[in-house]
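Enquirer: After the structure tokens below, expect a handful of questions from me.
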Amino acid sequence: MTKLDTSKTEWDLSPLLAGDDDPKIEEYRKAVTEKVDAFVEKWRDRDDYLKDPKVLREALDEYERLHAMPGLAYDDLYFHLRTRVETQNKDLTAKLQLAEDFALSIWNKMQFFSLKIGQIPEDVQKSLLRADELKTYYHWLDKVFRAARYKLSEKEEAILNLTSTASYSNWVKMLQRFISKEERKVLFADGSTGKANWEMLSSLAGDDSVKVRQAAKVAIEDIQNKYVDVAEAELNSVLQNQKVGDELRGHKRPDQHRHMNDDIDSDVVDAVVKTVESRNDLSRRFFDLKAKLHKVDHLAYSERAVGYGEATAEYPYDQAANLVGEVFQELDPDFYDIYSNMLATGRVDALARKNKSGGAFCISIGPQHPVYVMLNHTNTMRDVATIAHEMGHAIHSTLSIRAQNALNCDYPTSVAEVASTFMEDFIYQRLLEEADEETELSLRVGLLNDLIASCHRQIACYQFEQDIHQGYRQKGYLSKDEINDLFNARMEGYLGKHAEGSDNFWVAWPHIRNYFYVYSYASGILISKALQSKVKKDKAFISKVKEFLSAGSSKSPKEIFADMGIDITDKAFWQEGLKEIEQQLDETEKLAKKLGKI
Ligand SMILES: [Zn+2]
């Protein structure tokens with residue numbers, strides 16, 4: 001295999017804009033506005049497309065082309081990415097806000113179209129869904145028809161969109177900003193002391209050294225205590241905002257909106273939640289094992305991410321990127337081509353640096369817009385897995401964009417984490433093959449850390465969300481003590497005695513502000529486990545996996561997987577995935593015993 005070109009470690013944003021003040025911003029906005037206005041002008045006052053499949057096809061084709069327009073969201077994407085690498089630059093934050101305002105105004109103009117389609121009488125809907133001309137848009141139309149029951153009038157929808165910054169986002173951003181500004185003096189792994197921000201504290205809390213973990217714990221608790229009253233007010237507002245939306249729309253349960261958006265039945269999500277909860281014995285057993293490995297009776301809640309042993313191997317970016325490349329090449333040449341092309345064209349911002357935000361992500365906003373990935377590579381084994389994870393998202397997006405029209409190319413959240421965890425696991429497999437037994441134990445603990453965090457922890461979080469939304473609706477307000485009671489009970493559910501000291505750890509948990517999406521980590525990882533075991537048994541199954549990766553949202557996840565012979569409505573399917581986790585746990589315990597560690 002030829003060596004990959006990894007020389008570009010910062011984003012090349014020139015396909016979007018030439019710079020922060022590129023005059024093209026105005027040109028793009030003007031062009032977009034003209035095209036959208038022409039569409040509105042042409043269709044707004046007509047109703048023939050609401051009856052005649054041929055006319056509806058014409059209108060949908062035009063609507064689809066608007067979504068596929070180059071420049072549609074160049075400014076939005078550009079400033080979104082710029083603010084991630086220059087987090088302290090207020091000028092960029094302001095420019096991003098303007099770009100978002102523009103995008104919202106465009107969206108509001110186009111909204112009439114799907115709202116009107118949603119109001120088509122049911123008998124006409126049925127005949128339209130049967131029409132040959134509309135086959136390409138079948139699933140899109142079906143979703144619009146189903147969602148229409150919960151839509152408000154165009155004006156009301158516009159008001160909710162426009163006021164959501166004040167009623168929701170500003171609250172959430174405020175708390176995040178407060179916390180991200182905080183720094184505390186702590187102990188580092190090399191024995192030195194110094195100041196650490198929230199991001200650093202979170203990783204120090206899982207450090208191998210107990211002294212480092214302790215110092216980080218004290219600092220984290222101090223920051224959480226400082227903001228717990230603010231968080232109580234913020235979270236109650238977030239809960240109220242969701243309650244108002246649900247009442248206006250007539251949603252029957254707080255998570256219904258999420259399920260509709262994710263194109264997944266509530267029954268399927270309930271099956272995932274119940275099945276994972278029923279196997280919380282696995283997560284508790286894993287934390288018992290970690291406590292034994294660390295020679296303590298129990299771990300504190302803040303220590304839940306602690307690994308075991310020193311995975312001393314270092315993977316500089318170039319080496320890590322090439323290792324991932326080899327694994328992709330073995331799986332499928334298309335995966336490799338997409339990956340190497342992204343590296344060579346500056347679509348990956350790879351290294352940690354000052355003022356860049358933490359974490360990693362992949363962003364894709366449809367055709368004609370490049371897919372970008374952010375990493376914060378610091379040479380650890382975990383970082384190698386992160387490259388594979390984010391590239392899994394990128395490959396999924398790229399294949400779906402290639403195969404689907406602009407209305408179908410975006411995949412739903414319910415399956416968003418399948419490709420990422422799928423790729424990640426093959427990398428772990430490779431790392432395991434190369435490791436000696438000591439390193440293998442360390443790797444296996446790391447792997448289980450990820451599995452349990454994605455599966456049991458996220459489901460516990462989901463259930464906590466259900467509890468606070470229901471609690472708020474019954475009581476009208478939740479005090480920090482009440483929130484703590486609900487939180488601690490769920491954390492104890494999956495951690496057992498290792499949940500000690502979990503008070504206030506909801507204060508800075510961003511996921512709970514992003515209503516009910518966390519189940520998708522568990523569903524993603526369990527589906528990906530099923531796909532992996534099929535690929536390991538039969539390499540040719542990768543072509544089926546590619547069908548899934550190319551399907552975007554052209555069908556519901558239930559249908560996509562049914563085509564592959566997988567029934568996601570069946571509890572037994574989810575239990576299978578959990579059995580894989582159990583097997584990993586068995587092997588890890590066995591190895592720990594063999595090495596005399598427990
Ligand atoms: Zn992901």
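Ordering of the structure tokens sets the chain letters (A, B, ...), residue numbers begin anew at 1 in every chain, and ligands are numbered from 1 in the order given.
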Within region 55-116 of chain A, find each residue whose DSSP state, derived from the backbone, is helix (DSSP H, G or I), and express the selection as a compact mmCIF listing (two decimals) with all heavy atoms, in the first residue's frame.
Expert:
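Full text of out-v2.txt as output:
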```
# COMPACT_ATOMS: atom_id res chain seq x y z
N VAL A 55 -47.35 17.07 -11.44
CA VAL A 55 -46.97 18.43 -11.02
C VAL A 55 -46.19 18.38 -9.71
O VAL A 55 -45.20 19.10 -9.53
CB VAL A 55 -48.23 19.33 -10.86
CG1 VAL A 55 -47.81 20.78 -10.68
CG2 VAL A 55 -49.16 19.18 -12.03
N LEU A 56 -46.59 17.49 -8.84
CA LEU A 56 -45.86 17.36 -7.58
C LEU A 56 -44.42 16.92 -7.84
O LEU A 56 -43.48 17.40 -7.22
CB LEU A 56 -46.57 16.38 -6.64
CG LEU A 56 -45.90 16.13 -5.28
CD1 LEU A 56 -45.66 17.44 -4.52
CD2 LEU A 56 -46.73 15.19 -4.40
N ARG A 57 -44.25 16.03 -8.80
CA ARG A 57 -42.91 15.58 -9.16
C ARG A 57 -42.05 16.76 -9.63
O ARG A 57 -40.90 16.93 -9.22
CB ARG A 57 -43.00 14.52 -10.26
CG ARG A 57 -41.68 14.13 -10.89
CD ARG A 57 -40.83 13.37 -9.87
NE ARG A 57 -39.45 13.28 -10.31
CZ ARG A 57 -38.81 12.13 -10.54
NH1 ARG A 57 -39.43 10.99 -10.35
NH2 ARG A 57 -37.57 12.14 -10.92
N GLU A 58 -42.66 17.60 -10.47
CA GLU A 58 -41.94 18.78 -10.98
C GLU A 58 -41.53 19.69 -9.80
O GLU A 58 -40.38 20.15 -9.71
CB GLU A 58 -42.85 19.54 -11.96
CG GLU A 58 -42.16 20.70 -12.67
CD GLU A 58 -43.18 21.65 -13.32
OE1 GLU A 58 -44.31 21.22 -13.63
OE2 GLU A 58 -42.82 22.84 -13.50
N ALA A 59 -42.48 19.92 -8.91
CA ALA A 59 -42.20 20.81 -7.76
C ALA A 59 -41.11 20.20 -6.86
O ALA A 59 -40.21 20.89 -6.40
CB ALA A 59 -43.48 21.03 -6.96
N LEU A 60 -41.20 18.90 -6.63
CA LEU A 60 -40.21 18.24 -5.76
C LEU A 60 -38.83 18.26 -6.40
O LEU A 60 -37.83 18.45 -5.71
CB LEU A 60 -40.64 16.79 -5.48
CG LEU A 60 -41.66 16.62 -4.36
CD1 LEU A 60 -42.28 15.22 -4.39
CD2 LEU A 60 -41.02 16.88 -3.00
N ASP A 61 -38.77 18.08 -7.72
CA ASP A 61 -37.47 18.15 -8.39
C ASP A 61 -36.84 19.53 -8.19
O ASP A 61 -35.65 19.66 -7.94
CB ASP A 61 -37.62 17.86 -9.89
CG ASP A 61 -37.77 16.36 -10.16
OD1 ASP A 61 -37.48 15.55 -9.24
OD2 ASP A 61 -38.19 15.99 -11.28
N GLU A 62 -37.67 20.57 -8.31
CA GLU A 62 -37.14 21.93 -8.12
C GLU A 62 -36.71 22.15 -6.67
O GLU A 62 -35.68 22.77 -6.39
CB GLU A 62 -38.20 22.97 -8.51
CG GLU A 62 -38.35 23.09 -10.01
CD GLU A 62 -39.36 24.16 -10.40
OE1 GLU A 62 -39.60 25.10 -9.60
OE2 GLU A 62 -39.91 24.03 -11.52
N TYR A 63 -37.52 21.63 -5.76
CA TYR A 63 -37.21 21.75 -4.32
C TYR A 63 -35.90 21.02 -4.01
O TYR A 63 -35.05 21.50 -3.26
CB TYR A 63 -38.38 21.15 -3.54
CG TYR A 63 -38.33 21.32 -2.04
CD1 TYR A 63 -38.44 22.57 -1.45
CD2 TYR A 63 -38.22 20.21 -1.19
CE1 TYR A 63 -38.43 22.72 -0.07
CE2 TYR A 63 -38.21 20.35 0.18
CZ TYR A 63 -38.31 21.60 0.74
OH TYR A 63 -38.30 21.74 2.12
N GLU A 64 -35.75 19.86 -4.62
CA GLU A 64 -34.53 19.07 -4.42
C GLU A 64 -33.32 19.83 -4.95
O GLU A 64 -32.26 19.87 -4.31
CB GLU A 64 -34.69 17.72 -5.14
CG GLU A 64 -33.63 16.69 -4.81
CD GLU A 64 -32.42 16.70 -5.73
OE1 GLU A 64 -32.51 17.26 -6.85
OE2 GLU A 64 -31.38 16.17 -5.33
N ARG A 65 -33.48 20.47 -6.11
CA ARG A 65 -32.35 21.21 -6.69
C ARG A 65 -31.93 22.39 -5.81
O ARG A 65 -30.75 22.74 -5.75
CB ARG A 65 -32.69 21.67 -8.11
CG ARG A 65 -32.52 20.56 -9.15
CD ARG A 65 -32.38 21.15 -10.56
NE ARG A 65 -33.61 21.75 -11.01
CZ ARG A 65 -34.64 21.08 -11.59
NH1 ARG A 65 -34.54 19.77 -11.77
NH2 ARG A 65 -35.73 21.70 -11.98
N LEU A 66 -32.90 22.99 -5.13
CA LEU A 66 -32.54 24.07 -4.20
C LEU A 66 -31.61 23.53 -3.11
O LEU A 66 -30.64 24.18 -2.72
CB LEU A 66 -33.79 24.64 -3.51
CG LEU A 66 -34.72 25.55 -4.29
CD1 LEU A 66 -35.85 26.01 -3.38
CD2 LEU A 66 -33.98 26.76 -4.85
N HIS A 67 -31.93 22.33 -2.62
CA HIS A 67 -31.10 21.74 -1.57
C HIS A 67 -29.73 21.32 -2.08
O HIS A 67 -28.81 21.12 -1.29
CB HIS A 67 -31.81 20.52 -0.96
CG HIS A 67 -32.93 20.91 -0.06
ND1 HIS A 67 -34.16 21.31 -0.54
CD2 HIS A 67 -33.02 20.98 1.29
CE1 HIS A 67 -34.95 21.60 0.48
NE2 HIS A 67 -34.28 21.41 1.60
N TYR A 74 -22.47 27.62 2.28
CA TYR A 74 -21.01 27.77 2.37
C TYR A 74 -20.62 28.64 3.57
O TYR A 74 -19.70 28.33 4.31
CB TYR A 74 -20.43 28.42 1.10
CG TYR A 74 -20.27 27.48 -0.07
CD1 TYR A 74 -20.65 26.14 0.01
CD2 TYR A 74 -19.74 27.94 -1.28
CE1 TYR A 74 -20.51 25.29 -1.08
CE2 TYR A 74 -19.58 27.09 -2.37
CZ TYR A 74 -19.97 25.77 -2.26
OH TYR A 74 -19.82 24.94 -3.33
N ASP A 75 -21.34 29.77 3.73
CA ASP A 75 -20.98 30.70 4.81
C ASP A 75 -21.22 30.08 6.18
O ASP A 75 -20.38 30.16 7.08
CB ASP A 75 -21.73 32.04 4.66
CG ASP A 75 -23.24 31.87 4.59
OD1 ASP A 75 -23.70 30.72 4.36
OD2 ASP A 75 -23.97 32.87 4.74
N ASP A 76 -22.35 29.40 6.31
CA ASP A 76 -22.71 28.77 7.57
C ASP A 76 -21.64 27.72 7.96
O ASP A 76 -21.11 27.71 9.07
CB ASP A 76 -24.07 28.08 7.39
CG ASP A 76 -24.78 27.88 8.71
OD1 ASP A 76 -24.17 28.15 9.75
OD2 ASP A 76 -25.94 27.42 8.69
N LEU A 77 -21.32 26.87 7.00
CA LEU A 77 -20.33 25.82 7.26
C LEU A 77 -18.95 26.43 7.53
O LEU A 77 -18.25 26.03 8.47
CB LEU A 77 -20.28 24.88 6.04
CG LEU A 77 -19.29 23.71 6.11
CD1 LEU A 77 -19.56 22.82 7.31
CD2 LEU A 77 -19.36 22.87 4.83
N TYR A 78 -18.60 27.40 6.71
CA TYR A 78 -17.28 28.04 6.85
C TYR A 78 -17.10 28.63 8.26
O TYR A 78 -16.13 28.35 8.94
CB TYR A 78 -17.13 29.14 5.79
CG TYR A 78 -15.86 29.94 5.90
CD1 TYR A 78 -14.70 29.53 5.24
CD2 TYR A 78 -15.81 31.10 6.67
CE1 TYR A 78 -13.52 30.25 5.35
CE2 TYR A 78 -14.64 31.84 6.78
CZ TYR A 78 -13.50 31.41 6.12
OH TYR A 78 -12.34 32.13 6.23
N PHE A 79 -18.08 29.44 8.70
CA PHE A 79 -17.91 30.09 10.01
C PHE A 79 -18.09 29.11 11.16
O PHE A 79 -17.48 29.27 12.22
CB PHE A 79 -18.84 31.31 10.15
CG PHE A 79 -18.39 32.46 9.31
CD1 PHE A 79 -19.14 32.90 8.23
CD2 PHE A 79 -17.18 33.08 9.58
CE1 PHE A 79 -18.70 33.94 7.43
CE2 PHE A 79 -16.73 34.14 8.79
CZ PHE A 79 -17.49 34.57 7.71
N HIS A 80 -18.89 28.09 10.92
CA HIS A 80 -19.00 27.06 11.94
C HIS A 80 -17.62 26.43 12.19
O HIS A 80 -17.19 26.27 13.34
CB HIS A 80 -20.00 25.98 11.49
CG HIS A 80 -20.15 24.87 12.48
ND1 HIS A 80 -20.89 25.01 13.63
CD2 HIS A 80 -19.63 23.63 12.53
CE1 HIS A 80 -20.82 23.90 14.32
NE2 HIS A 80 -20.06 23.04 13.68
N LEU A 81 -16.93 26.12 11.11
CA LEU A 81 -15.61 25.49 11.24
C LEU A 81 -14.57 26.47 11.78
O LEU A 81 -13.75 26.12 12.63
CB LEU A 81 -15.16 24.91 9.90
CG LEU A 81 -16.04 23.76 9.36
CD1 LEU A 81 -15.65 23.40 7.94
CD2 LEU A 81 -15.94 22.53 10.26
N ARG A 82 -14.64 27.70 11.29
CA ARG A 82 -13.67 28.71 11.77
C ARG A 82 -13.79 28.91 13.28
O ARG A 82 -12.80 29.05 13.98
CB ARG A 82 -13.90 30.05 11.03
CG ARG A 82 -13.46 30.01 9.58
CD ARG A 82 -11.96 30.16 9.42
NE ARG A 82 -11.49 31.50 9.79
CZ ARG A 82 -10.48 31.73 10.62
NH1 ARG A 82 -9.83 30.72 11.17
NH2 ARG A 82 -10.11 32.96 10.89
N THR A 83 -15.04 28.94 13.79
CA THR A 83 -15.19 29.17 15.24
C THR A 83 -14.67 27.99 16.05
O THR A 83 -14.35 28.13 17.22
CB THR A 83 -16.67 29.41 15.64
OG1 THR A 83 -17.46 28.34 15.13
CG2 THR A 83 -17.21 30.72 15.11
N ARG A 84 -14.57 26.82 15.42
CA ARG A 84 -14.05 25.66 16.15
C ARG A 84 -12.52 25.72 16.31
O ARG A 84 -11.98 25.14 17.23
CB ARG A 84 -14.42 24.34 15.46
CG ARG A 84 -15.91 24.12 15.35
CD ARG A 84 -16.63 24.28 16.67
NE ARG A 84 -16.44 23.17 17.57
CZ ARG A 84 -17.30 22.18 17.77
NH1 ARG A 84 -18.43 22.17 17.12
NH2 ARG A 84 -17.05 21.22 18.62
N VAL A 85 -11.85 26.37 15.39
CA VAL A 85 -10.39 26.44 15.52
C VAL A 85 -9.94 27.77 16.12
O VAL A 85 -8.78 27.93 16.47
CB VAL A 85 -9.66 26.18 14.17
CG1 VAL A 85 -9.74 24.72 13.80
CG2 VAL A 85 -10.17 27.06 13.06
N LYS A 90 -14.37 36.57 18.92
CA LYS A 90 -15.76 37.02 19.02
C LYS A 90 -16.32 37.47 17.66
O LYS A 90 -17.50 37.36 17.39
CB LYS A 90 -15.87 38.18 20.02
CG LYS A 90 -15.65 37.76 21.46
CD LYS A 90 -16.97 37.45 22.15
CE LYS A 90 -16.84 36.54 23.34
NZ LYS A 90 -15.95 36.98 24.41
N ASP A 91 -15.40 38.01 16.83
CA ASP A 91 -15.80 38.47 15.52
C ASP A 91 -16.36 37.29 14.70
O ASP A 91 -17.37 37.42 14.00
CB ASP A 91 -14.56 39.06 14.83
CG ASP A 91 -14.91 39.74 13.53
OD1 ASP A 91 -15.99 40.37 13.47
OD2 ASP A 91 -14.14 39.60 12.55
N LEU A 92 -15.70 36.15 14.84
CA LEU A 92 -16.17 34.95 14.11
C LEU A 92 -17.51 34.46 14.66
O LEU A 92 -18.38 34.04 13.90
CB LEU A 92 -15.13 33.84 14.21
CG LEU A 92 -13.86 34.01 13.38
CD1 LEU A 92 -12.88 32.88 13.67
CD2 LEU A 92 -14.19 34.03 11.89
N THR A 93 -17.66 34.54 15.99
CA THR A 93 -18.94 34.13 16.60
C THR A 93 -20.08 34.99 16.03
O THR A 93 -21.15 34.48 15.70
CB THR A 93 -18.88 34.32 18.13
OG1 THR A 93 -17.68 33.73 18.60
CG2 THR A 93 -20.06 33.69 18.82
N ALA A 94 -19.81 36.28 15.90
CA ALA A 94 -20.84 37.19 15.35
C ALA A 94 -21.14 36.84 13.90
O ALA A 94 -22.30 36.81 13.47
CB ALA A 94 -20.36 38.63 15.48
N LYS A 95 -20.09 36.56 13.13
CA LYS A 95 -20.30 36.23 11.72
C LYS A 95 -21.07 34.92 11.57
O LYS A 95 -21.88 34.76 10.65
CB LYS A 95 -18.96 36.15 11.00
CG LYS A 95 -18.39 37.54 10.76
CD LYS A 95 -17.13 37.50 9.93
CE LYS A 95 -16.87 38.88 9.36
NZ LYS A 95 -15.53 39.37 9.61
N LEU A 96 -20.79 33.98 12.46
CA LEU A 96 -21.52 32.71 12.42
C LEU A 96 -23.00 32.96 12.71
O LEU A 96 -23.88 32.41 12.06
CB LEU A 96 -20.94 31.72 13.44
CG LEU A 96 -21.72 30.42 13.61
CD1 LEU A 96 -21.79 29.63 12.30
CD2 LEU A 96 -21.09 29.54 14.70
N GLN A 97 -23.26 33.83 13.69
CA GLN A 97 -24.66 34.13 14.03
C GLN A 97 -25.39 34.70 12.82
O GLN A 97 -26.52 34.31 12.52
CB GLN A 97 -24.71 35.09 15.23
CG GLN A 97 -26.11 35.30 15.78
CD GLN A 97 -26.76 34.00 16.29
OE1 GLN A 97 -26.17 33.25 17.05
NE2 GLN A 97 -27.97 33.70 15.82
N LEU A 98 -24.73 35.61 12.09
CA LEU A 98 -25.36 36.20 10.90
C LEU A 98 -25.64 35.12 9.85
O LEU A 98 -26.70 35.11 9.22
CB LEU A 98 -24.47 37.29 10.30
CG LEU A 98 -24.37 38.59 11.11
CD1 LEU A 98 -23.47 39.59 10.38
CD2 LEU A 98 -25.75 39.22 11.35
N ALA A 99 -24.67 34.21 9.69
CA ALA A 99 -24.86 33.13 8.71
C ALA A 99 -26.02 32.23 9.13
O ALA A 99 -26.83 31.81 8.29
CB ALA A 99 -23.57 32.31 8.58
N GLU A 100 -26.12 31.98 10.43
CA GLU A 100 -27.22 31.12 10.90
C GLU A 100 -28.57 31.83 10.74
O GLU A 100 -29.56 31.21 10.37
CB GLU A 100 -27.00 30.73 12.37
CG GLU A 100 -25.96 29.63 12.50
CD GLU A 100 -25.64 29.24 13.94
OE1 GLU A 100 -26.13 29.91 14.88
OE2 GLU A 100 -24.89 28.27 14.13
N ASP A 101 -28.57 33.13 11.03
CA ASP A 101 -29.81 33.90 10.84
C ASP A 101 -30.27 33.84 9.38
O ASP A 101 -31.45 33.68 9.08
CB ASP A 101 -29.60 35.38 11.22
CG ASP A 101 -29.46 35.55 12.74
OD1 ASP A 101 -29.73 34.57 13.46
OD2 ASP A 101 -29.06 36.64 13.18
N PHE A 102 -29.28 33.97 8.48
CA PHE A 102 -29.62 33.92 7.05
C PHE A 102 -30.19 32.54 6.69
O PHE A 102 -31.23 32.43 6.04
CB PHE A 102 -28.39 34.23 6.19
CG PHE A 102 -28.67 34.09 4.72
CD1 PHE A 102 -29.44 35.03 4.05
CD2 PHE A 102 -28.21 32.98 4.01
CE1 PHE A 102 -29.74 34.88 2.69
CE2 PHE A 102 -28.50 32.82 2.66
CZ PHE A 102 -29.27 33.77 2.00
N ALA A 103 -29.53 31.50 7.15
CA ALA A 103 -29.99 30.13 6.85
C ALA A 103 -31.41 29.91 7.36
O ALA A 103 -32.26 29.33 6.69
CB ALA A 103 -29.04 29.11 7.47
N LEU A 104 -31.67 30.45 8.55
CA LEU A 104 -33.00 30.30 9.15
C LEU A 104 -34.06 31.05 8.33
O LEU A 104 -35.18 30.55 8.11
CB LEU A 104 -32.95 30.84 10.58
CG LEU A 104 -34.00 30.35 11.55
CD1 LEU A 104 -33.99 28.82 11.62
CD2 LEU A 104 -33.74 30.92 12.94
N SER A 105 -33.68 32.24 7.86
CA SER A 105 -34.66 33.02 7.08
C SER A 105 -35.00 32.29 5.78
O SER A 105 -36.14 32.28 5.33
CB SER A 105 -34.12 34.43 6.81
OG SER A 105 -33.08 34.37 5.85
N ILE A 106 -34.00 31.64 5.20
CA ILE A 106 -34.23 30.88 3.96
C ILE A 106 -35.13 29.67 4.26
O ILE A 106 -36.08 29.38 3.54
CB ILE A 106 -32.87 30.40 3.38
CG1 ILE A 106 -32.10 31.59 2.81
CG2 ILE A 106 -33.04 29.32 2.33
CD1 ILE A 106 -32.79 32.27 1.64
N TRP A 107 -34.83 29.01 5.34
CA TRP A 107 -35.62 27.85 5.74
C TRP A 107 -37.08 28.25 5.98
O TRP A 107 -38.01 27.58 5.56
CB TRP A 107 -34.99 27.22 6.99
CG TRP A 107 -35.81 26.14 7.61
CD1 TRP A 107 -36.30 26.11 8.87
CD2 TRP A 107 -36.25 24.92 6.98
NE1 TRP A 107 -37.02 24.95 9.07
CE2 TRP A 107 -37.01 24.20 7.93
CE3 TRP A 107 -36.09 24.38 5.71
CZ2 TRP A 107 -37.60 22.98 7.66
CZ3 TRP A 107 -36.68 23.14 5.43
CH2 TRP A 107 -37.42 22.45 6.41
N ASN A 108 -37.26 29.40 6.66
CA ASN A 108 -38.63 29.87 6.92
C ASN A 108 -39.39 30.16 5.63
O ASN A 108 -40.58 29.89 5.52
CB ASN A 108 -38.61 31.10 7.82
CG ASN A 108 -38.53 30.71 9.30
OD1 ASN A 108 -38.92 29.60 9.68
ND2 ASN A 108 -38.00 31.60 10.12
N LYS A 109 -38.67 30.69 4.63
CA LYS A 109 -39.34 30.97 3.35
C LYS A 109 -39.81 29.69 2.67
O LYS A 109 -40.84 29.67 2.01
CB LYS A 109 -38.35 31.66 2.40
CG LYS A 109 -38.18 33.13 2.64
CD LYS A 109 -37.30 33.70 1.54
CE LYS A 109 -36.98 35.16 1.83
NZ LYS A 109 -36.23 35.77 0.75
N MET A 110 -39.00 28.64 2.81
CA MET A 110 -39.32 27.40 2.08
C MET A 110 -40.31 26.51 2.82
O MET A 110 -40.85 25.57 2.27
CB MET A 110 -38.03 26.60 1.85
CG MET A 110 -37.08 27.27 0.88
SD MET A 110 -35.89 26.08 0.21
CE MET A 110 -34.83 25.78 1.58
N GLN A 111 -40.54 26.84 4.09
CA GLN A 111 -41.34 25.94 4.93
C GLN A 111 -42.75 25.68 4.43
O GLN A 111 -43.31 24.62 4.68
CB GLN A 111 -41.43 26.55 6.32
CG GLN A 111 -40.49 25.93 7.29
CD GLN A 111 -41.11 25.87 8.67
OE1 GLN A 111 -41.47 24.82 9.14
NE2 GLN A 111 -41.23 27.02 9.31
N PHE A 112 -43.32 26.69 3.73
CA PHE A 112 -44.71 26.53 3.28
C PHE A 112 -44.88 25.23 2.49
O PHE A 112 -45.92 24.58 2.54
CB PHE A 112 -45.10 27.73 2.39
CG PHE A 112 -44.60 27.62 0.98
CD1 PHE A 112 -45.40 27.04 -0.02
CD2 PHE A 112 -43.32 28.04 0.62
CE1 PHE A 112 -44.93 26.91 -1.33
CE2 PHE A 112 -42.85 27.91 -0.67
CZ PHE A 112 -43.66 27.34 -1.65
N PHE A 113 -43.79 24.87 1.78
CA PHE A 113 -43.88 23.76 0.83
C PHE A 113 -44.19 22.44 1.54
O PHE A 113 -45.19 21.77 1.24
CB PHE A 113 -42.56 23.67 0.04
CG PHE A 113 -42.60 22.69 -1.09
CD1 PHE A 113 -43.45 22.89 -2.16
CD2 PHE A 113 -41.78 21.57 -1.08
CE1 PHE A 113 -43.49 21.98 -3.22
CE2 PHE A 113 -41.80 20.67 -2.13
CZ PHE A 113 -42.67 20.88 -3.20
N SER A 114 -43.38 22.08 2.52
CA SER A 114 -43.65 20.80 3.20
C SER A 114 -44.89 20.90 4.08
O SER A 114 -45.61 19.92 4.26
CB SER A 114 -42.43 20.33 4.00
OG SER A 114 -42.02 21.32 4.88
N LEU A 115 -45.17 22.11 4.59
CA LEU A 115 -46.38 22.26 5.41
C LEU A 115 -47.63 22.02 4.57
O LEU A 115 -48.57 21.33 4.97
CB LEU A 115 -46.43 23.64 6.06
CG LEU A 115 -45.48 23.88 7.23
CD1 LEU A 115 -45.47 25.34 7.65
CD2 LEU A 115 -45.85 23.01 8.43
N LYS A 116 -47.63 22.59 3.35
CA LYS A 116 -48.80 22.41 2.49
C LYS A 116 -48.94 20.96 2.05
O LYS A 116 -50.06 20.42 1.99
CB LYS A 116 -48.69 23.31 1.25
CG LYS A 116 -49.13 24.74 1.51
CD LYS A 116 -49.40 25.43 0.20
CE LYS A 116 -50.27 26.66 0.42
NZ LYS A 116 -50.51 27.37 -0.84
```
Enquirer: Hey, which residues sit close to ligand 1? Say within 8 Å, counting only C-alpha atoms and all ligand atoms, and write them as a list in words.
Expert: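 With only C-alpha atoms and all ligand atoms and a cut-off of 8 Å, ligand 1 is contacted by Phe361, Cys362, His389, Glu390, His393, Ala416, Glu417, Ser420, Thr421 and Tyr521 of chain A.
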Enquirer: Atoms to include: N, CA and C atoms. Write the selected residues as an mmCIF file, in the first residue's frame.
Expert:
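As a result, selection_39.cif now contains:
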```cif
data_model
loop_
_atom_site.group_PDB
_atom_site.id
_atom_site.type_symbol
_atom_site.label_atom_id
_atom_site.label_comp_id
_atom_site.auth_asym_id
_atom_site.auth_seq_id
_atom_site.Cartn_x
_atom_site.Cartn_y
_atom_site.Cartn_z
ATOM 1 N N PHE A 361 -15.229 15.597 15.563
ATOM 2 C CA PHE A 361 -16.530 15.474 14.910
ATOM 3 C C PHE A 361 -16.350 15.375 13.410
ATOM 4 N N CYS A 362 -17.436 14.983 12.760
ATOM 5 C CA CYS A 362 -17.491 14.996 11.301
ATOM 6 C C CYS A 362 -18.715 15.815 10.936
ATOM 7 N N HIS A 389 -13.306 6.311 13.820
ATOM 8 C CA HIS A 389 -14.687 6.668 14.175
ATOM 9 C C HIS A 389 -15.204 7.815 13.293
ATOM 10 N N GLU A 390 -14.477 8.918 13.290
ATOM 11 C CA GLU A 390 -14.936 10.090 12.529
ATOM 12 C C GLU A 390 -14.946 9.808 11.030
ATOM 13 N N HIS A 393 -18.096 8.141 9.971
ATOM 14 C CA HIS A 393 -19.151 9.123 9.653
ATOM 15 C C HIS A 393 -18.942 9.689 8.252
ATOM 16 N N ALA A 416 -26.835 7.052 12.994
ATOM 17 C CA ALA A 416 -25.635 7.864 12.763
ATOM 18 C C ALA A 416 -24.372 7.235 13.344
ATOM 19 N N GLU A 417 -24.512 6.490 14.436
ATOM 20 C CA GLU A 417 -23.303 5.959 15.076
ATOM 21 C C GLU A 417 -22.970 4.527 14.652
ATOM 22 N N SER A 420 -19.563 4.695 12.365
ATOM 23 C CA SER A 420 -18.420 5.139 13.166
ATOM 24 C C SER A 420 -17.930 4.034 14.093
ATOM 25 N N THR A 421 -18.844 3.388 14.811
ATOM 26 C CA THR A 421 -18.406 2.357 15.745
ATOM 27 C C THR A 421 -17.974 1.092 15.005
ATOM 28 N N TYR A 521 -26.480 6.207 20.420
ATOM 29 C CA TYR A 521 -25.153 5.608 20.634
ATOM 30 C C TYR A 521 -25.306 4.111 20.906
#
```
Enquirer: If DSSP is run on the backbone, what residues of region 275-380 of chain A are strand (DSSP E)? A reply as a list in words would be ideal.
Expert: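 DSSP on the backbone gives strand (DSSP E) at Val348, Asp349, Ala350, Leu351, Phe361, Cys362, Ile363, Tyr372, Val373, Met374, Leu375, Asn376 and His377 of chain A.
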